[in-house]
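Trainee: Got model28.cif for you, mmCIF, C-alpha atoms:
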data_query
loop_
_atom_site.label_atom_id
_atom_site.label_comp_id
_atom_site.auth_asym_id
_atom_site.auth_seq_id
_atom_site.Cartn_x
_atom_site.Cartn_y
_atom_site.Cartn_z
CA MET A 1362 111.60 -100.03 218.60
CA SER A 1363 114.19 -102.74 218.04
CA MET A 1364 115.30 -101.47 214.65
CA ILE A 1365 114.94 -98.45 212.39
CA GLY A 1366 113.90 -98.29 208.75
CA SER A 1367 117.37 -97.61 207.42
CA ASP A 1368 118.51 -100.96 208.85
CA PHE A 1369 116.69 -102.48 205.88
CA LEU A 1370 119.07 -100.56 203.62
CA LYS A 1371 122.04 -102.30 205.22
CA THR A 1372 120.34 -105.62 204.55
CA ALA A 1373 119.76 -104.58 200.93
CA ALA A 1374 123.43 -103.70 200.51
CA THR A 1375 124.45 -107.06 201.96
CA LEU A 1376 122.15 -108.94 199.60
CA VAL A 1377 123.78 -107.49 196.48
CA VAL A 1378 127.30 -108.17 197.74
CA ASP A 1379 126.80 -111.74 198.88
CA GLU A 1380 125.16 -114.25 196.62
CA LYS A 1381 123.92 -112.33 193.56
CA SER A 1382 120.98 -114.60 192.83
CA GLU A 1383 117.95 -112.97 191.25
CA ALA A 1384 115.96 -113.63 194.42
CA ASN A 1385 118.59 -111.75 196.42
CA LEU A 1386 118.61 -108.85 193.95
CA ARG A 1387 114.82 -108.57 194.02
CA SER A 1388 114.83 -108.79 197.80
CA ALA A 1389 117.46 -106.04 197.95
CA ALA A 1390 115.25 -103.71 195.90
CA SER A 1391 112.26 -104.54 198.06
CA ARG A 1392 114.22 -103.90 201.29
CA ALA A 1393 115.49 -100.60 199.87
CA TYR A 1394 111.90 -99.50 199.31
CA TYR A 1395 110.84 -100.47 202.82
CA ALA A 1396 113.83 -98.68 204.31
CA VAL A 1397 112.56 -95.45 202.77
CA PHE A 1398 108.91 -96.23 203.53
CA HIS A 1399 109.62 -96.59 207.26
CA GLU A 1400 112.06 -93.67 207.39
CA SER A 1401 109.40 -91.54 205.70
CA MET A 1402 106.79 -92.46 208.30
CA GLU A 1403 109.24 -91.47 211.03
CA ALA A 1404 110.16 -88.21 209.32
CA ILE A 1405 106.75 -86.78 208.46
CA PRO A 1406 105.66 -84.18 211.04
CA ASP A 1407 102.52 -85.00 212.99
CA ASP A 1408 100.41 -82.43 211.19
CA HIS A 1409 101.00 -84.15 207.85
CA ALA A 1410 101.38 -87.74 209.00
CA PRO A 1411 98.92 -90.46 207.96
CA THR A 1412 96.54 -91.54 210.70
CA GLY A 1413 96.84 -94.90 212.41
CA SER A 1414 93.86 -96.30 210.53
CA GLN A 1415 95.29 -95.09 207.20
CA LEU A 1416 98.55 -96.85 207.94
CA LYS A 1417 96.72 -100.09 208.65
CA SER A 1418 94.75 -99.93 205.40
CA SER A 1419 95.75 -101.29 202.00
CA SER A 1420 96.44 -97.71 200.90
CA SER A 1421 99.11 -97.11 203.55
CA HIS A 1422 101.80 -96.83 200.87
CA GLU A 1423 99.83 -94.11 199.11
CA CYS A 1424 99.24 -92.29 202.39
CA VAL A 1425 102.94 -92.02 203.15
CA ILE A 1426 103.65 -90.47 199.74
CA GLN A 1427 100.68 -88.16 200.32
CA GLY A 1428 102.10 -87.21 203.72
CA LEU A 1429 105.44 -86.26 202.19
CA LEU A 1430 103.70 -84.25 199.48
CA ALA A 1431 101.52 -82.50 202.05
CA TRP A 1432 104.67 -81.56 203.96
CA GLY A 1433 106.25 -80.43 200.70
CA LYS A 1434 103.23 -78.30 199.89
CA SER A 1435 103.11 -76.63 203.30
CA LEU A 1436 105.10 -73.53 204.12
CA THR A 1437 107.21 -75.32 206.71
CA PRO A 1438 110.98 -75.76 206.72
CA GLY A 1439 112.29 -78.83 204.92
CA ARG A 1440 109.44 -78.83 202.43
CA GLU A 1441 111.70 -78.88 199.35
CA TYR A 1442 113.49 -82.00 200.58
CA ALA A 1443 110.21 -83.62 201.63
CA ARG A 1444 108.66 -83.33 198.20
CA LEU A 1445 111.78 -84.71 196.51
CA ALA A 1446 111.66 -87.61 198.94
CA GLY A 1447 108.00 -88.16 198.03
CA ARG A 1448 108.90 -88.33 194.37
CA ASP A 1449 111.73 -90.77 194.99
CA LEU A 1450 109.53 -92.94 197.18
CA ALA A 1451 107.14 -93.21 194.23
CA ARG A 1452 110.07 -94.29 192.03
CA LEU A 1453 111.08 -96.90 194.57
CA LYS A 1454 107.50 -98.11 194.77
CA LYS A 1455 107.65 -98.83 191.06
CA ILE A 1456 110.96 -100.69 191.34
CA ARG A 1457 109.63 -102.68 194.30
CA HIS A 1458 106.53 -103.62 192.30
CA VAL A 1459 108.68 -105.10 189.55
CA ALA A 1460 110.92 -106.84 192.10
CA ASP A 1461 108.08 -108.36 194.11
CA TYR A 1462 105.37 -109.07 191.55
CA GLN A 1463 106.74 -109.20 188.00
CA LEU A 1464 108.84 -112.31 188.32
CA SER A 1465 108.91 -113.00 184.58
CA ASP A 1466 110.56 -109.62 183.89
CA THR A 1467 114.32 -109.21 183.90
CA PHE A 1468 115.76 -108.07 187.21
CA ASN A 1469 119.51 -107.69 187.40
CA LEU A 1470 122.28 -106.32 189.62
CA LEU A 1471 122.12 -102.87 188.01
CA MET A 1472 118.45 -102.56 188.91
CA ALA A 1473 119.07 -103.59 192.50
CA GLU A 1474 121.95 -101.11 192.73
CA GLU A 1475 119.67 -98.40 191.36
CA ALA A 1476 117.10 -99.11 194.06
CA ILE A 1477 119.76 -98.89 196.76
CA ALA A 1478 121.24 -95.67 195.34
CA VAL A 1479 117.81 -94.03 195.11
CA ALA A 1480 116.99 -95.18 198.65
CA ARG A 1481 120.23 -93.66 199.98
CA GLN A 1482 119.49 -90.39 198.22
CA THR A 1483 115.93 -90.37 199.55
CA ILE A 1484 116.97 -91.03 203.14
CA GLY A 1485 119.47 -88.18 202.74
CA ASN A 1486 116.64 -85.90 201.63
CA LEU A 1487 114.46 -87.08 204.53
CA ASN A 1488 117.24 -86.34 207.02
CA ALA A 1489 117.74 -82.88 205.51
CA ALA A 1490 113.99 -82.23 205.72
CA LYS A 1491 113.84 -83.39 209.35
CA SER A 1492 116.88 -81.33 210.28
CA ARG A 1493 115.48 -78.14 208.79
CA TYR A 1494 112.11 -78.73 210.39
CA ALA A 1495 113.66 -79.36 213.79
CA THR A 1496 115.99 -76.34 213.73
CA SER A 1497 113.08 -74.07 212.80
CA GLY A 1498 111.84 -74.46 216.36
CA THR A 1499 108.97 -76.67 215.34
CA THR A 1500 108.88 -80.03 216.99
CA ASN A 1501 108.43 -83.11 214.87
CA MET B 1272 92.34 -88.12 174.22
CA THR B 1273 93.45 -86.05 171.27
CA GLN B 1274 96.71 -84.86 172.77
CA LEU B 1275 97.65 -88.27 174.03
CA ARG B 1276 96.88 -89.80 170.65
CA GLN B 1277 98.95 -87.14 168.90
CA PHE B 1278 101.81 -87.77 171.28
CA THR B 1279 101.59 -91.48 170.72
CA GLU B 1280 101.42 -91.17 166.94
CA ARG B 1281 104.35 -88.78 166.97
CA PHE B 1282 106.51 -91.43 168.51
CA SER B 1283 105.00 -94.44 166.79
CA SER B 1284 107.95 -94.67 164.40
CA GLU B 1285 110.25 -95.20 167.37
CA PRO B 1286 110.29 -98.24 169.64
CA LEU B 1287 108.08 -96.30 172.00
CA LEU B 1288 104.36 -96.26 172.58
CA ASP B 1289 102.09 -98.21 170.31
CA VAL B 1290 99.09 -96.24 169.10
CA LEU B 1291 96.99 -99.35 169.54
CA ASN B 1292 97.57 -99.09 173.26
CA VAL B 1293 95.84 -95.73 173.55
CA PRO B 1294 92.50 -97.19 174.73
CA ASP B 1295 94.35 -99.17 177.42
CA ILE B 1296 96.25 -96.07 178.49
CA GLN B 1297 93.02 -94.10 178.60
CA ALA B 1298 91.37 -96.79 180.74
CA ALA B 1299 94.32 -96.83 183.13
CA MET B 1300 94.30 -93.05 183.45
CA THR B 1301 90.59 -93.14 184.24
CA GLN B 1302 91.09 -95.94 186.79
CA PHE B 1303 93.85 -94.05 188.60
CA CYS B 1304 92.19 -90.62 188.21
CA VAL B 1305 95.15 -89.14 186.33
CA SER B 1306 94.19 -86.21 184.14
CA GLU B 1307 95.35 -85.79 180.60
CA ASP B 1308 96.44 -82.26 181.53
CA GLU B 1309 98.82 -83.55 184.19
CA LEU B 1310 100.25 -86.11 181.79
CA ARG B 1311 100.68 -83.53 179.04
CA VAL B 1312 102.27 -80.84 181.21
CA CYS B 1313 104.68 -83.30 182.82
CA GLN B 1314 105.64 -84.89 179.50
CA ARG B 1315 106.31 -81.48 178.01
CA GLU B 1316 108.64 -80.59 180.89
CA ALA B 1317 110.48 -83.91 180.70
CA PHE B 1318 111.13 -83.69 176.98
CA ALA B 1319 112.07 -80.00 177.22
CA LEU B 1320 114.72 -80.98 179.75
CA LEU B 1321 116.04 -83.70 177.45
CA ARG B 1322 116.26 -81.23 174.58
CA GLU B 1323 118.16 -78.74 176.76
CA LYS B 1324 120.62 -81.41 177.79
CA LYS B 1325 120.80 -82.80 174.24
CA ILE B 1326 119.91 -86.25 175.48
CA ARG B 1327 117.91 -88.61 173.31
CA ALA B 1328 115.41 -90.89 174.98
CA SER B 1329 116.00 -94.48 173.99
CA TYR B 1330 112.70 -95.92 175.13
CA ILE B 1331 109.44 -94.91 176.79
CA ASN B 1332 107.57 -97.28 179.00
CA PHE B 1333 103.98 -96.51 179.88
CA GLU B 1334 102.79 -99.01 182.42
CA ALA B 1335 99.85 -99.41 184.76
CA MET B 1336 100.76 -101.34 187.87
CA ASP B 1337 97.70 -102.83 189.48
CA SER B 1338 98.16 -104.29 192.92
CA PRO B 1339 96.43 -103.69 196.25
CA ASP B 1340 99.25 -101.65 197.76
CA THR B 1341 101.26 -100.26 194.85
CA GLY B 1342 98.80 -99.50 192.05
CA MET B 1343 99.88 -96.56 189.92
CA ILE B 1344 100.66 -95.39 186.39
CA ILE B 1345 104.28 -95.13 185.35
CA PHE B 1346 105.60 -93.07 182.47
CA ALA B 1347 109.29 -93.91 182.41
CA ILE B 1348 111.65 -92.33 179.91
CA ARG B 1349 114.79 -94.38 179.55
CA VAL B 1350 117.97 -92.47 178.91
CA PRO B 1351 121.56 -93.53 178.27
CA GLY B 1352 124.31 -92.70 180.76
CA SER B 1353 125.43 -93.64 184.22
CA LEU B 1354 123.19 -94.17 187.25
CA LYS B 1355 124.55 -90.93 188.76
CA GLN B 1356 123.73 -88.96 185.59
CA MET B 1357 120.23 -90.43 185.46
CA MET B 1358 119.56 -89.60 189.11
CA GLU B 1359 120.80 -86.02 188.69
CA LEU B 1360 118.67 -85.58 185.59
CA ASP B 1361 115.62 -86.99 187.34
CA ALA B 1362 116.17 -84.79 190.40
CA GLU B 1363 116.25 -81.75 188.11
CA LEU B 1364 113.05 -82.92 186.46
CA GLY B 1365 111.47 -83.38 189.89
CA GLU B 1366 112.26 -79.78 190.83
CA ARG B 1367 110.80 -78.53 187.57
CA LEU B 1368 107.67 -80.65 187.80
CA PHE B 1369 106.86 -79.20 191.21
CA GLN B 1370 107.02 -75.75 189.60
CA VAL B 1371 104.69 -76.55 186.70
CA TRP B 1372 102.40 -78.97 188.55
CA PRO B 1373 102.53 -78.06 192.25
CA GLU B 1374 100.13 -80.75 193.42
CA PRO B 1375 101.21 -83.93 191.66
CA SER B 1376 99.31 -87.17 192.15
CA LEU B 1377 102.55 -89.02 192.85
CA ASN B 1378 100.82 -91.85 194.67
CA ARG B 1379 98.97 -92.65 191.43
CA PHE B 1380 101.20 -91.30 188.65
CA TRP B 1381 104.95 -91.09 188.32
CA ILE B 1382 106.82 -89.67 185.35
CA GLY B 1383 110.58 -89.61 185.28
CA PHE B 1384 113.82 -90.91 183.89
CA GLU B 1385 115.16 -94.40 184.12
CA ARG B 1386 118.55 -95.65 183.18
CA ASP B 1387 118.71 -97.49 179.89
CA TYR B 1388 120.69 -100.53 180.92
CA ASP B 1389 121.22 -101.63 177.32
CA ALA B 1390 122.79 -98.35 176.16
#
Just give me the structure as C-alpha coordinates.

Mentor:
Amino acid sequence: MSMIGSDFLKTAATLVVDEKSEANLRSAASRAYYAVFHESMEAIPDDHAPTGSQLKSSSSHECVIQGLLAWGKSLTPGREYARLAGRDLARLKKIRHVADYQLSDTFNLLMAEEAIAVARQTIGNLNAAKSRYATSGTTN
Amino acid sequence: MTQLRQFTERFSSEPLLDVLNVPDIQAAMTQFCVSEDELRVCQREAFALLREKKIRASYINFEAMDSPDTGMIIFAIRVPGSLKQMMELDAELGERLFQVWPEPSLNRFWIGFERDYDA
(Lines of atoms letter the chains of each structure in order from A and count residues from 1; the text may use other names and numbers.)
(Lines give C-alpha, C1' and ligand atoms only; values in the text may rest on other atoms or scores of the structure.)
Protein backbone atom coordinates (compact mmCIF):
# COMPACT_ATOMS: atom_id res chain seq x y z
CA MET A 1 0.00 0.00 0.00
CA SER A 2 1.46 3.34 -0.99
CA MET A 3 -0.79 5.39 1.26
CA ILE A 4 -3.26 4.97 4.10
CA GLY A 5 -6.80 6.29 4.43
CA SER A 6 -5.95 9.01 6.90
CA ASP A 7 -3.64 10.58 4.30
CA PHE A 8 -6.85 11.81 2.68
CA LEU A 9 -7.56 13.74 5.88
CA LYS A 10 -4.29 15.63 5.50
CA THR A 11 -5.32 16.51 1.96
CA ALA A 12 -8.71 17.70 3.26
CA ALA A 13 -7.04 19.92 5.84
CA THR A 14 -4.79 21.42 3.16
CA LEU A 15 -7.74 22.16 0.89
CA VAL A 16 -9.49 24.31 3.50
CA VAL A 17 -6.34 26.24 4.35
CA ASP A 18 -5.19 27.00 0.83
CA GLU A 19 -7.57 28.44 -1.69
CA LYS A 20 -11.03 28.43 -0.06
CA SER A 21 -12.99 28.01 -3.27
CA GLU A 22 -16.25 26.12 -3.01
CA ALA A 23 -14.78 23.32 -5.12
CA ASN A 24 -11.93 23.00 -2.62
CA LEU A 25 -14.32 23.00 0.34
CA ARG A 26 -16.51 20.33 -1.23
CA SER A 27 -13.45 18.28 -2.12
CA ALA A 28 -12.21 18.59 1.46
CA ALA A 29 -15.48 17.16 2.80
CA SER A 30 -15.37 14.37 0.26
CA ARG A 31 -11.74 13.50 1.14
CA ALA A 32 -12.63 13.54 4.85
CA TYR A 33 -15.33 10.95 4.19
CA TYR A 34 -13.00 8.72 2.19
CA ALA A 35 -10.33 8.97 4.89
CA VAL A 36 -12.78 7.43 7.34
CA PHE A 37 -14.18 4.97 4.79
CA HIS A 38 -10.73 3.49 4.13
CA GLU A 39 -9.64 3.60 7.77
CA SER A 40 -12.85 1.77 8.65
CA MET A 41 -12.16 -0.99 6.14
CA GLU A 42 -8.70 -1.42 7.65
CA ALA A 43 -10.01 -1.43 11.21
CA ILE A 44 -12.90 -3.89 10.98
CA PRO A 45 -11.86 -7.35 12.21
CA ASP A 46 -12.00 -10.14 9.65
CA ASP A 47 -15.05 -11.75 11.19
CA HIS A 48 -17.13 -8.61 10.61
CA ALA A 49 -15.45 -7.27 7.49
CA PRO A 50 -17.31 -6.97 4.18
CA THR A 51 -16.34 -9.58 1.61
CA GLY A 52 -14.30 -8.71 -1.46
CA SER A 53 -17.33 -8.92 -3.73
CA GLN A 54 -19.34 -6.68 -1.39
CA LEU A 55 -16.59 -4.08 -1.48
CA LYS A 56 -16.61 -4.11 -5.28
CA SER A 57 -20.38 -3.63 -5.47
CA SER A 58 -22.31 -0.37 -5.53
CA SER A 59 -23.32 -1.03 -1.92
CA SER A 60 -19.74 -1.09 -0.63
CA HIS A 61 -20.35 2.09 1.39
CA GLU A 62 -23.31 0.47 3.13
CA CYS A 63 -21.31 -2.68 3.80
CA VAL A 64 -18.59 -0.82 5.65
CA ILE A 65 -21.13 0.85 7.95
CA GLN A 66 -22.74 -2.57 8.42
CA GLY A 67 -19.33 -4.04 9.27
CA LEU A 68 -18.76 -1.43 11.96
CA LEU A 69 -22.23 -2.01 13.37
CA ALA A 70 -21.71 -5.77 13.36
CA TRP A 71 -18.49 -5.24 15.31
CA GLY A 72 -20.34 -2.89 17.64
CA LYS A 73 -23.06 -5.46 18.19
CA SER A 74 -20.65 -8.30 18.93
CA LEU A 75 -19.30 -8.97 22.39
CA THR A 76 -15.74 -8.18 21.37
CA PRO A 77 -13.47 -5.48 22.78
CA GLY A 78 -13.69 -2.10 21.11
CA ARG A 79 -17.33 -2.55 20.21
CA GLU A 80 -18.48 0.72 21.82
CA TYR A 81 -15.99 2.73 19.76
CA ALA A 82 -16.81 0.75 16.61
CA ARG A 83 -20.50 1.55 16.76
CA LEU A 84 -19.84 5.25 17.37
CA ALA A 85 -17.53 5.20 14.36
CA GLY A 86 -20.31 3.57 12.32
CA ARG A 87 -22.68 6.33 13.29
CA ASP A 88 -20.18 9.05 12.42
CA LEU A 89 -19.39 7.40 9.10
CA ALA A 90 -23.10 7.63 8.27
CA ARG A 91 -23.00 11.35 9.16
CA LEU A 92 -19.99 11.85 6.92
CA LYS A 93 -21.73 9.96 4.14
CA LYS A 94 -24.50 12.52 4.28
CA ILE A 95 -22.07 15.46 4.20
CA ARG A 96 -20.19 13.87 1.31
CA HIS A 97 -23.45 13.41 -0.60
CA VAL A 98 -24.18 17.13 -0.34
CA ALA A 99 -20.58 18.00 -1.25
CA ASP A 100 -20.40 15.73 -4.27
CA TYR A 101 -23.91 15.74 -5.70
CA GLN A 102 -25.94 18.74 -4.50
CA LEU A 103 -24.00 21.47 -6.23
CA SER A 104 -26.84 23.98 -6.10
CA ASP A 105 -26.94 23.82 -2.28
CA THR A 106 -24.80 26.09 -0.14
CA PHE A 107 -21.49 24.59 0.91
CA ASN A 108 -19.20 26.77 2.98
CA LEU A 109 -16.03 26.66 5.07
CA LEU A 110 -17.92 25.79 8.26
CA MET A 111 -19.38 22.70 6.61
CA ALA A 112 -15.99 21.56 5.35
CA GLU A 113 -14.51 22.12 8.80
CA GLU A 114 -17.33 20.08 10.32
CA ALA A 115 -16.56 17.19 7.97
CA ILE A 116 -12.89 17.29 8.92
CA ALA A 117 -13.64 17.51 12.66
CA VAL A 118 -16.07 14.58 12.48
CA ALA A 119 -13.54 12.58 10.44
CA ARG A 120 -10.81 13.21 13.05
CA GLN A 121 -13.14 12.13 15.84
CA THR A 122 -14.15 9.01 13.91
CA ILE A 123 -10.58 7.97 13.17
CA GLY A 124 -9.87 8.46 16.89
CA ASN A 125 -12.74 6.11 17.71
CA LEU A 126 -11.51 3.59 15.12
CA ASN A 127 -8.02 3.64 16.61
CA ALA A 128 -9.44 3.14 20.10
CA ALA A 129 -11.56 0.24 18.84
CA LYS A 130 -8.57 -1.37 17.09
CA SER A 131 -6.36 -0.90 20.13
CA ARG A 132 -8.84 -2.54 22.49
CA TYR A 133 -9.43 -5.38 20.09
CA ALA A 134 -5.72 -6.00 19.65
CA THR A 135 -4.87 -5.89 23.36
CA SER A 136 -7.64 -8.39 24.11
CA GLY A 137 -5.45 -11.06 22.52
CA THR A 138 -7.61 -11.29 19.45
CA THR A 139 -5.84 -10.65 16.20
CA ASN A 140 -7.34 -8.23 13.74
CA MET B 1 -48.46 6.81 9.34
CA THR B 2 -50.49 8.22 12.20
CA GLN B 3 -47.56 8.93 14.49
CA LEU B 4 -45.50 10.50 11.77
CA ARG B 5 -48.43 12.66 10.72
CA GLN B 6 -49.01 13.73 14.32
CA PHE B 7 -45.36 14.56 14.69
CA THR B 8 -45.38 16.55 11.50
CA GLU B 9 -48.55 18.45 12.39
CA ARG B 10 -47.18 19.20 15.84
CA PHE B 11 -44.29 21.04 14.30
CA SER B 12 -46.10 22.49 11.31
CA SER B 13 -46.26 25.92 12.97
CA GLU B 14 -42.47 26.00 13.04
CA PRO B 15 -40.17 26.21 10.03
CA LEU B 16 -39.87 22.46 10.21
CA LEU B 17 -41.57 19.65 8.37
CA ASP B 18 -44.42 20.41 6.03
CA VAL B 19 -47.43 18.15 6.53
CA LEU B 20 -47.84 18.04 2.77
CA ASN B 21 -44.56 16.16 2.58
CA VAL B 22 -45.84 13.22 4.59
CA PRO B 23 -46.62 11.05 1.53
CA ASP B 24 -43.09 11.71 0.21
CA ILE B 25 -41.59 10.83 3.57
CA GLN B 26 -43.67 7.68 3.71
CA ALA B 27 -42.52 6.69 0.21
CA ALA B 28 -38.89 7.28 1.14
CA MET B 29 -39.22 5.24 4.32
CA THR B 30 -40.73 2.38 2.33
CA GLN B 31 -37.98 2.63 -0.31
CA PHE B 32 -35.21 2.50 2.29
CA CYS B 33 -36.99 -0.06 4.52
CA VAL B 34 -37.00 2.25 7.55
CA SER B 35 -39.74 1.43 10.02
CA GLU B 36 -41.96 4.01 11.59
CA ASP B 37 -41.10 2.48 14.97
CA GLU B 38 -37.40 3.16 14.50
CA LEU B 39 -38.11 6.72 13.43
CA ARG B 40 -40.44 7.32 16.36
CA VAL B 41 -38.18 5.81 19.02
CA CYS B 42 -35.12 7.68 17.76
CA GLN B 43 -36.98 10.99 17.47
CA ARG B 44 -38.29 10.62 20.99
CA GLU B 45 -34.77 10.08 22.33
CA ALA B 46 -33.35 13.02 20.39
CA PHE B 47 -35.99 15.47 21.57
CA ALA B 48 -35.80 14.15 25.14
CA LEU B 49 -32.08 14.93 25.10
CA LEU B 50 -32.75 18.44 23.81
CA ARG B 51 -35.28 19.03 26.58
CA GLU B 52 -32.80 17.81 29.21
CA LYS B 53 -30.15 20.16 27.89
CA LYS B 54 -32.68 22.98 27.44
CA ILE B 55 -31.69 23.37 23.82
CA ARG B 56 -34.24 24.45 21.25
CA ALA B 57 -34.02 22.95 17.79
CA SER B 58 -33.93 25.66 15.17
CA TYR B 59 -34.73 23.53 12.15
CA ILE B 60 -35.45 19.95 11.16
CA ASN B 61 -34.42 18.60 7.82
CA PHE B 62 -35.92 15.35 6.61
CA GLU B 63 -34.21 14.34 3.42
CA ALA B 64 -33.99 11.26 1.25
CA MET B 65 -30.68 11.03 -0.56
CA ASP B 66 -30.96 8.82 -3.60
CA SER B 67 -27.72 7.87 -5.27
CA PRO B 68 -26.16 4.54 -6.20
CA ASP B 69 -23.61 4.54 -3.39
CA THR B 70 -24.97 6.84 -0.69
CA GLY B 71 -28.76 6.45 -0.68
CA MET B 72 -30.27 6.94 2.75
CA ILE B 73 -32.81 8.90 4.78
CA ILE B 74 -31.57 11.75 6.93
CA PHE B 75 -33.42 13.27 9.85
CA ALA B 76 -31.20 16.15 10.90
CA ILE B 77 -32.06 18.36 13.85
CA ARG B 78 -30.21 21.64 13.64
CA VAL B 79 -29.15 23.17 16.92
CA PRO B 80 -27.42 26.42 17.83
CA GLY B 81 -23.95 26.40 19.39
CA SER B 82 -20.40 25.63 18.46
CA LEU B 83 -19.20 22.68 16.39
CA LYS B 84 -17.68 21.13 19.54
CA GLN B 85 -20.98 21.44 21.43
CA MET B 86 -22.90 19.92 18.53
CA MET B 87 -20.50 16.99 18.24
CA GLU B 88 -20.65 16.30 21.99
CA LEU B 89 -24.44 16.45 21.93
CA ASP B 90 -24.60 14.13 18.94
CA ALA B 91 -22.16 11.67 20.52
CA GLU B 92 -24.39 11.54 23.60
CA LEU B 93 -27.40 10.94 21.38
CA GLY B 94 -25.51 8.17 19.60
CA GLU B 95 -24.83 6.39 22.89
CA ARG B 96 -28.47 6.69 23.88
CA LEU B 97 -29.80 5.52 20.53
CA PHE B 98 -27.76 2.33 20.75
CA GLN B 99 -29.46 1.67 24.10
CA VAL B 100 -33.02 2.18 22.85
CA TRP B 101 -32.51 0.80 19.33
CA PRO B 102 -29.61 -1.67 19.48
CA GLU B 103 -29.67 -2.61 15.81
CA PRO B 104 -29.98 0.66 13.91
CA SER B 105 -30.21 0.71 10.14
CA LEU B 106 -27.49 3.34 9.95
CA ASN B 107 -26.62 2.55 6.36
CA ARG B 108 -30.17 3.57 5.40
CA PHE B 109 -31.30 5.97 8.13
CA TRP B 110 -29.41 8.53 10.16
CA ILE B 111 -30.91 10.77 12.82
CA GLY B 112 -28.79 13.26 14.68
CA PHE B 113 -27.81 16.82 15.36
CA GLU B 114 -26.34 19.28 12.95
CA ARG B 115 -24.93 22.67 13.66
CA ASP B 116 -27.20 25.55 12.77
CA TYR B 117 -24.77 27.76 10.91
CA ASP B 118 -27.17 30.70 10.88
CA ALA B 119 -27.68 30.79 14.66

Trainee: Once the PyMOL selection byres ((chain A) within 8 of (chain B)) has been applied to the shown file, what residues remain in the selection, as a ChimeraX atom specification?

Mentor: /A:1419-1424,1426-1427,1430,1434,1445,1447-1448,1451-1452,1454-1455,1458,1471,1475,1479

Trainee: So which one's closest to Trp1432 in chain A, A:Ala1490, A:Met1472, A:Leu1464, A:Leu1376? Using all atoms listed in the file, please.

Mentor: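 The answer is A:Ala1490, which sits nearest to Trp1432 in chain A.
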
Trainee: Might you pull out every residue within 8 Å of Val1397 in chain A, with only C-alpha atoms counted and same-chain residues fewer than 2 positions away left off, and present them as a ChimeraX atom specification?

Mentor: /A:1366-1367,1393-1395,1399-1401,1450,1480,1483-1484

Trainee: Choose the residue, out of B:Ile1331, B:Leu1360, B:Lys1324, B:Trp1372, that has the smallest atom-to-atom separation from Ser1306 in chain B; count all atoms listed in the file.

Mentor: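 Closest to Ser1306 in chain B, using all atoms listed in the file: B:Trp1372.
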
Trainee: Between A:Lys1491, A:Arg1444, A:Asp1461, A:Gly1485, which one has atoms that come closest to Asp1407 in chain A, using only C-alpha atoms?

Mentor: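 Of the candidates, the smallest distance to Asp1407 in chain A is held by A:Lys1491.
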
Trainee: Mind pulling up the distance from CA of Phe1303 in chain B to CA of Pro1411 in chain A?

Mentor: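 Atom-to-atom, CA of Pro1411 in chain A and CA of Phe1303 in chain B are spaced 20.3 Å apart.
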
Trainee: Can you measure CA of Leu1453 in chain A to CA of Ala1476 in chain A for me? One decimal in Å is fine.

Mentor: 6.4 Å

Trainee: Can you list what the PyMOL selection byres ((chain A and resi 1438) around 12) grabs from this structure, as a VMD selection string?

Mentor: chain A and resid 1405 to 1406 1432 to 1437 1439 to 1444 1489 to 1501

Trainee: For CA of Asp1368 in chain A and CA of Arg1392 in chain A, quote the distance in Å rounded to one decimal.

Mentor: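 Computing it gives 9.2 Å between the two atoms.
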
Trainee: From the set A:Met1364, A:Asn1486, A:Val1378, A:Lys1371, which residue has the shortest atom-to-atom contact distance to Leu1429 in chain A, counting all atoms listed in the file?

Mentor: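 Looking at the shortest contact to Leu1429 in chain A, the residue is A:Asn1486.
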
Trainee: So that I can check the surroundings of Ala1374 in chain A, please list as a count of residues only every protein, DNA and RNA residue that reaches within 10 Å of it, counting all atoms listed in the file and ignoring chain neighbours fewer than 2 positions away.

Mentor: 17

Trainee: When the PyMOL selection byres ((chain B and resi 1326) around 12) is applied to the file above, which residues end up in the set, as a PyMOL selection string?

Mentor: chain B and resi 1317-1325+1327-1329+1348-1352+1356-1357+1360+1384

Trainee: Find the residue from A:Thr1375, A:Arg1387, A:Ala1396, A:Ala1431 that sits nearest to Ala1410 in chain A; use all atoms listed in the file when measuring.

Mentor: A:Ala1431
